[in-house]
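Engineer: First the structure, then my questions, so here it is.
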Amino acid sequence: MNNLLEIKTRIAELLKQAAEQAQREGKLPEVALPEISVERPQKAENGDYASNLPLKLARSIGKNPMEIAAAIAGLIPATPEMLSVEAAAPGFINFSLRPEWLNRQVDSILEAGDNYGDIDIGKGQSVQVEFVSANPTGPLHIGHGRGAVLGSTIANVLEASGYNVEKEYYINDAGSQMTAFYRSLLARYRQANGIDVEMPQEGYFGQYMIDLGREMKAEYGDRFIHLPAEEAESELGKIGVTKMLALIRSDLGKLGVEFDCWFSEQSLYDNGQFAKVTALLRAAGHLNEKEGATWFVSSALGEDKDNVVIRSTGTSTYFGTDIAYHYNKFIERGFNRVIDIWGADHQGHVSRMGAVMGALGVDPKRLRVIISQLVTLKRGGECVRVSKRSGDMITLRDVIDEVGVDACRFFFLARSADSQMDFDLELAKKESSENPVYYVQYAHARIASILKLAGEEGLDFSDGDVSLLTGEPELALVRLMLQLPEIVEFAARTLEPQGLPHYAQDLATSFHSFYKLCRVISHENSAQTKARLKLVAAAKVILARTLGLMGMTSPETM
RNA sequence: GCGCCUGUAGCUCAGUGGAUAGAGCAUUGGUCUUCGAAACCAAGUGUCGUGGGUUCGACCCCCACCAGGCGCACCA
């Protein structure tokens, strides 16, 4: 038994066996047992784990929960790791771990090293996490940053949970927004060449397009001026998209986000996959023709209405290609699970994708769409615009430069994807410089500094005896460190990683508090010094792992 | 009008149907001759939007309403 995740399962088994034994012995009536939940009490005085099984049973048994609790608790055998099993009002059974078991785990943590926290709920299943996927029509804004941080962290957590993870960026390099981008670029390029032309109405008016037009002129001169518009658009467009993607890739790199695969929407047409999928759907009766367009009959699958997949002009809609894209994900590439992270403006798209799963014969549970709510950027309470369609904007890069990568990541992660958030630049800078981002990193740097000192003094603590770690601050820190696998498990199961930053803060608090109360390197007590150095080294492992999962750095000095 | 999300401390936000609802910021008081004071310790603040319901027990589940956001295209 090497971590608390296993202990939790073990406790549930013990409870089940004890309850069944009580029933056999006639101490409890024979009723079906409810699902046994084992939780972590909020108050330390209630032990390390608790179960509400007696409270749940009281319903069907019609007995006082405390009596049930006492009956069950009395039948739970002694185990090497458990100090006590107690019935507690109003009907809990509380479990406390032995200090001598707890402190021994410090050695396990050191042994596991960077792998501590790994669990195996994924069992090698393949899962694709697709996120950001912004049109390559301009720089990323703060909202994309939120999706990027969320997606990369979810990918990290799934990886740590035993999944085989692939991170993908879907490049919308086809469709009407790209056409608008091409036309805008041609207009700006012509303007850069001194030709007085108007921007297309649906165009991208940001300053970056003017810059891009000038850049094209600087690099290619008037090469595209004399081409027919269509040809110029396409030639310029190809180069422009490449440049935009490079920009996006570098912005994401700055945020610490990298992808395994950049998947082109256009490729779905080029390799015939779109045609293949529409043929399949048509054969299965999911498509019909109406008003000159081809519709997906989602109303037959429980949706409010049908949706166009191929316009009367013959081009596919976003929805249409997304069907082919998901066919590709599930059928062609065979991912066991797919997680799509979309912005709030794609909300309406979610339920019809569910219908698509049905039409493709794929279990809808294999697709999970996470909607990350809007981010409004503020500066001292004033709204700042982030739209790339019009005018000046603050880009993701600007925010990272101003606030810092680690602070950005921490801020995004601490909030649930479901809540829309105000990102106040002033507040973010202020809070991050004082707390909680640097607070956590400071704990790591402090530990690094202690270990450095130990090294300078030639202290070898590899033979440290962790059983000496019996003080309350020491054990409190150990208890918290051992929770990492549970934090990872929860995040992986719910795909909500906001537990990580909160856990990181708790760890830091526990460490700082320990540090204040317990002198680590002491010349009077070499055995205690060695034991505490082990504890501190293990705390460093846990902090670094937690920060690593969040995609944050673990500084040795600050 | 319909759908999704949100409403918790002055502010920004956590909160797996359970035991006295939490953290940071801000505010107020203490702590540095010893390993990093970017730290520690202590104090205070809540009709958990409102009203019903389910339950032994609800911030959490259900219904209605109020407020804010986002969708509801042959845009993406």
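Just remember, in the structure tokens the first chain shown is A, the second B, etc., residues are 1-based per chain, and ligands are 1-based in the order shown.
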Could you pull the residues within 9 Å of A:His512, counting only C-alpha atoms (C1' of nucleotides), minus those fewer than 2 positions along the same chain, as a PyMOL selection string?

Structural biologist: (chain A and resi 443+446+507-510+514-517) or (chain B and resi 39-40)

Engineer: Looking only at strand (DSSP E) from DSSP on the backbone, list the matching residues of stretch 39-124 of chain A as a count of residues only.

Structural biologist: 17

Engineer: Find the residues in chain B near chain A: any atom within 9 Å counts, using only C-alpha atoms (C1' of nucleotides). Write them as number ranges by chain.

Structural biologist: B: 3-6, 12-14, 16, 18-19, 23-25, 35-36, 38-40, 56, 69-72, 74-76

Engineer: May I have the residues within 12 Å of A:Thr242 as a VMD selection string, using only C-alpha atoms (C1' of nucleotides) and disregarding those fewer than 2 positions away in the same chain?

Structural biologist: chain A and resid 135 to 138 171 173 212 235 to 240 244 to 249

Engineer: May I ask for the distance between atom CA of A:Gly354 and atom CA of A:Glu130, given in Å to one decimal place?

Structural biologist: 16.5 Å

Engineer: I need the alpha helix (DSSP H) residues of stretch 274-438 of chain A per DSSP on the backbone, written as a ChimeraX atom specification.

Structural biologist: /A:274-283,318-327,347-360,396-403,405-413,425-434,437-438

Engineer: Taking into account only C-alpha atoms, which residue in the set A:Met178, A:Ala22, A:Ala192, A:Ile61 is nearest to A:Ala73?

Structural biologist: A:Ala22

Engineer: B:C62: which residues within 12 Å, counting only C-alpha atoms (C1' of nucleotides), same-chain residues fewer than 3 positions away excluded, as a PyMOL selection string?

Structural biologist: chain B and resi 52-55+58

Engineer: Compile the contact shell of A:Gln128 as a list in words: residues with an atom at most 8 Å away, counting only C-alpha atoms (C1' of nucleotides), same-chain residues fewer than 5 positions apart removed.

Structural biologist: Val165, Glu166, Lys167, Glu168, Phe335, Arg337, Val338 and Ile339 of chain A

Engineer: Could the residues in this selection be saved with all heavy atoms as a PDB file, in the first residue's frame?

Structural biologist:
```pdb
ATOM      1  N   VAL A 165      -1.905  10.603 -23.970  1.00  0.00           N
ATOM      2  CA  VAL A 165      -2.526  11.876 -24.339  1.00  0.00           C
ATOM      3  C   VAL A 165      -1.935  12.482 -25.601  1.00  0.00           C
ATOM      4  O   VAL A 165      -0.717  12.478 -25.787  1.00  0.00           O
ATOM      5  CB  VAL A 165      -2.369  12.904 -23.192  1.00  0.00           C
ATOM      6  CG1 VAL A 165      -3.044  14.212 -23.541  1.00  0.00           C
ATOM      7  CG2 VAL A 165      -2.927  12.351 -21.893  1.00  0.00           C
ATOM      8  N   GLU A 166      -2.803  12.986 -26.455  1.00  0.00           N
ATOM      9  CA  GLU A 166      -2.330  13.741 -27.611  1.00  0.00           C
ATOM     10  C   GLU A 166      -2.984  15.116 -27.611  1.00  0.00           C
ATOM     11  O   GLU A 166      -4.206  15.237 -27.524  1.00  0.00           O
ATOM     12  CB  GLU A 166      -2.658  12.999 -28.908  1.00  0.00           C
ATOM     13  CG  GLU A 166      -1.987  13.645 -30.103  1.00  0.00           C
ATOM     14  CD  GLU A 166      -1.897  12.733 -31.320  1.00  0.00           C
ATOM     15  OE1 GLU A 166      -1.625  11.520 -31.142  1.00  0.00           O
ATOM     16  OE2 GLU A 166      -2.116  13.241 -32.433  1.00  0.00           O
ATOM     17  N   LYS A 167      -2.151  16.139 -27.699  1.00  0.00           N
ATOM     18  CA  LYS A 167      -2.663  17.509 -27.708  1.00  0.00           C
ATOM     19  C   LYS A 167      -2.739  18.002 -29.143  1.00  0.00           C
ATOM     20  O   LYS A 167      -1.765  17.903 -29.888  1.00  0.00           O
ATOM     21  CB  LYS A 167      -1.728  18.427 -26.902  1.00  0.00           C
ATOM     22  CG  LYS A 167      -1.752  18.139 -25.420  1.00  0.00           C
ATOM     23  CD  LYS A 167      -0.716  18.955 -24.673  1.00  0.00           C
ATOM     24  CE  LYS A 167       0.673  18.374 -24.864  1.00  0.00           C
ATOM     25  NZ  LYS A 167       1.705  19.087 -24.102  1.00  0.00           N
ATOM     26  N   GLU A 168      -3.899  18.535 -29.487  1.00  0.00           N
ATOM     27  CA  GLU A 168      -4.082  18.929 -30.876  1.00  0.00           C
ATOM     28  C   GLU A 168      -4.631  20.338 -31.026  1.00  0.00           C
ATOM     29  O   GLU A 168      -5.490  20.773 -30.260  1.00  0.00           O
ATOM     30  CB  GLU A 168      -5.030  17.928 -31.551  1.00  0.00           C
ATOM     31  CG  GLU A 168      -5.308  18.230 -33.015  1.00  0.00           C
ATOM     32  CD  GLU A 168      -5.657  16.974 -33.803  1.00  0.00           C
ATOM     33  OE1 GLU A 168      -4.829  16.042 -33.803  1.00  0.00           O
ATOM     34  OE2 GLU A 168      -6.741  16.940 -34.396  1.00  0.00           O
ATOM     35  N   PHE A 335      -9.249   7.404 -31.332  1.00  0.00           N
ATOM     36  CA  PHE A 335      -9.050   7.806 -29.939  1.00  0.00           C
ATOM     37  C   PHE A 335     -10.160   7.201 -29.078  1.00  0.00           C
ATOM     38  O   PHE A 335     -11.328   7.202 -29.465  1.00  0.00           O
ATOM     39  CB  PHE A 335      -9.088   9.331 -29.799  1.00  0.00           C
ATOM     40  CG  PHE A 335      -7.868  10.007 -30.351  1.00  0.00           C
ATOM     41  CD1 PHE A 335      -7.949  10.770 -31.519  1.00  0.00           C
ATOM     42  CD2 PHE A 335      -6.635   9.886 -29.717  1.00  0.00           C
ATOM     43  CE1 PHE A 335      -6.820  11.388 -32.029  1.00  0.00           C
ATOM     44  CE2 PHE A 335      -5.507  10.503 -30.236  1.00  0.00           C
ATOM     45  CZ  PHE A 335      -5.597  11.258 -31.389  1.00  0.00           C
ATOM     46  N   ARG A 337     -11.033   8.422 -26.169  1.00  0.00           N
ATOM     47  CA  ARG A 337     -11.785   9.575 -25.679  1.00  0.00           C
ATOM     48  C   ARG A 337     -11.286  10.831 -26.372  1.00  0.00           C
ATOM     49  O   ARG A 337     -10.122  10.916 -26.766  1.00  0.00           O
ATOM     50  CB  ARG A 337     -11.583   9.757 -24.167  1.00  0.00           C
ATOM     51  CG  ARG A 337     -12.140   8.646 -23.320  1.00  0.00           C
ATOM     52  CD  ARG A 337     -11.846   8.903 -21.848  1.00  0.00           C
ATOM     53  NE  ARG A 337     -12.490  10.131 -21.374  1.00  0.00           N
ATOM     54  CZ  ARG A 337     -12.195  10.711 -20.209  1.00  0.00           C
ATOM     55  NH1 ARG A 337     -11.288  10.209 -19.419  1.00  0.00           N
ATOM     56  NH2 ARG A 337     -12.828  11.812 -19.848  1.00  0.00           N
ATOM     57  N   VAL A 338     -12.177  11.799 -26.486  1.00  0.00           N
ATOM     58  CA  VAL A 338     -11.802  13.078 -27.055  1.00  0.00           C
ATOM     59  C   VAL A 338     -12.336  14.175 -26.144  1.00  0.00           C
ATOM     60  O   VAL A 338     -13.483  14.128 -25.704  1.00  0.00           O
ATOM     61  CB  VAL A 338     -12.374  13.256 -28.482  1.00  0.00           C
ATOM     62  CG1 VAL A 338     -12.216  14.700 -28.948  1.00  0.00           C
ATOM     63  CG2 VAL A 338     -11.687  12.305 -29.457  1.00  0.00           C
ATOM     64  N   ILE A 339     -11.482  15.141 -25.846  1.00  0.00           N
ATOM     65  CA  ILE A 339     -11.903  16.285 -25.061  1.00  0.00           C
ATOM     66  C   ILE A 339     -11.710  17.525 -25.919  1.00  0.00           C
ATOM     67  O   ILE A 339     -10.602  17.792 -26.391  1.00  0.00           O
ATOM     68  CB  ILE A 339     -11.070  16.384 -23.764  1.00  0.00           C
ATOM     69  CG1 ILE A 339     -11.341  15.154 -22.892  1.00  0.00           C
ATOM     70  CG2 ILE A 339     -11.412  17.661 -23.010  1.00  0.00           C
ATOM     71  CD1 ILE A 339     -10.291  14.925 -21.828  1.00  0.00           C
TER      72      ILE A 339
END
```

Engineer: Residues at most 10 Å from A:Tyr327, counting only C-alpha atoms (C1' of nucleotides), excluding those fewer than 4 positions away in the same chain, as number ranges by chain?

Structural biologist: A: 273-274, 276-277, 321-323, 331-334, 356-357, 360-362

Engineer: Between B:G49, B:G17, B:G44, B:G30, which one has atoms that come closest to B:A67, using only C-alpha atoms (C1' of nucleotides)?

Structural biologist: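 Comparing B:G49, B:G17, B:G44, B:G30 against B:A67, the winner is B:G49.
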
Engineer: Would you mind listing what lies within 9 Å of stretch 5-7 of chain A as a ChimeraX atom specification, with only C-alpha atoms (C1' of nucleotides) counted and same-chain residues fewer than 4 positions away left out?

Structural biologist: /A:1,11-12,81,119,483,485-486,489

Engineer: For the atom pair atom CA of A:Glu233 and atom CA of A:Gly206, what is the interatomic distance in Å to one decimal place?

Structural biologist: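 Computing it gives 18.4 Å between the two atoms.
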
Engineer: B:G29, B:G7, B:G1, B:G46: which is nearest B:C66, counting only C-alpha atoms (C1' of nucleotides)?

Structural biologist: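 Using only C-alpha atoms (C1' of nucleotides), B:C66 sits closest to B:G7.
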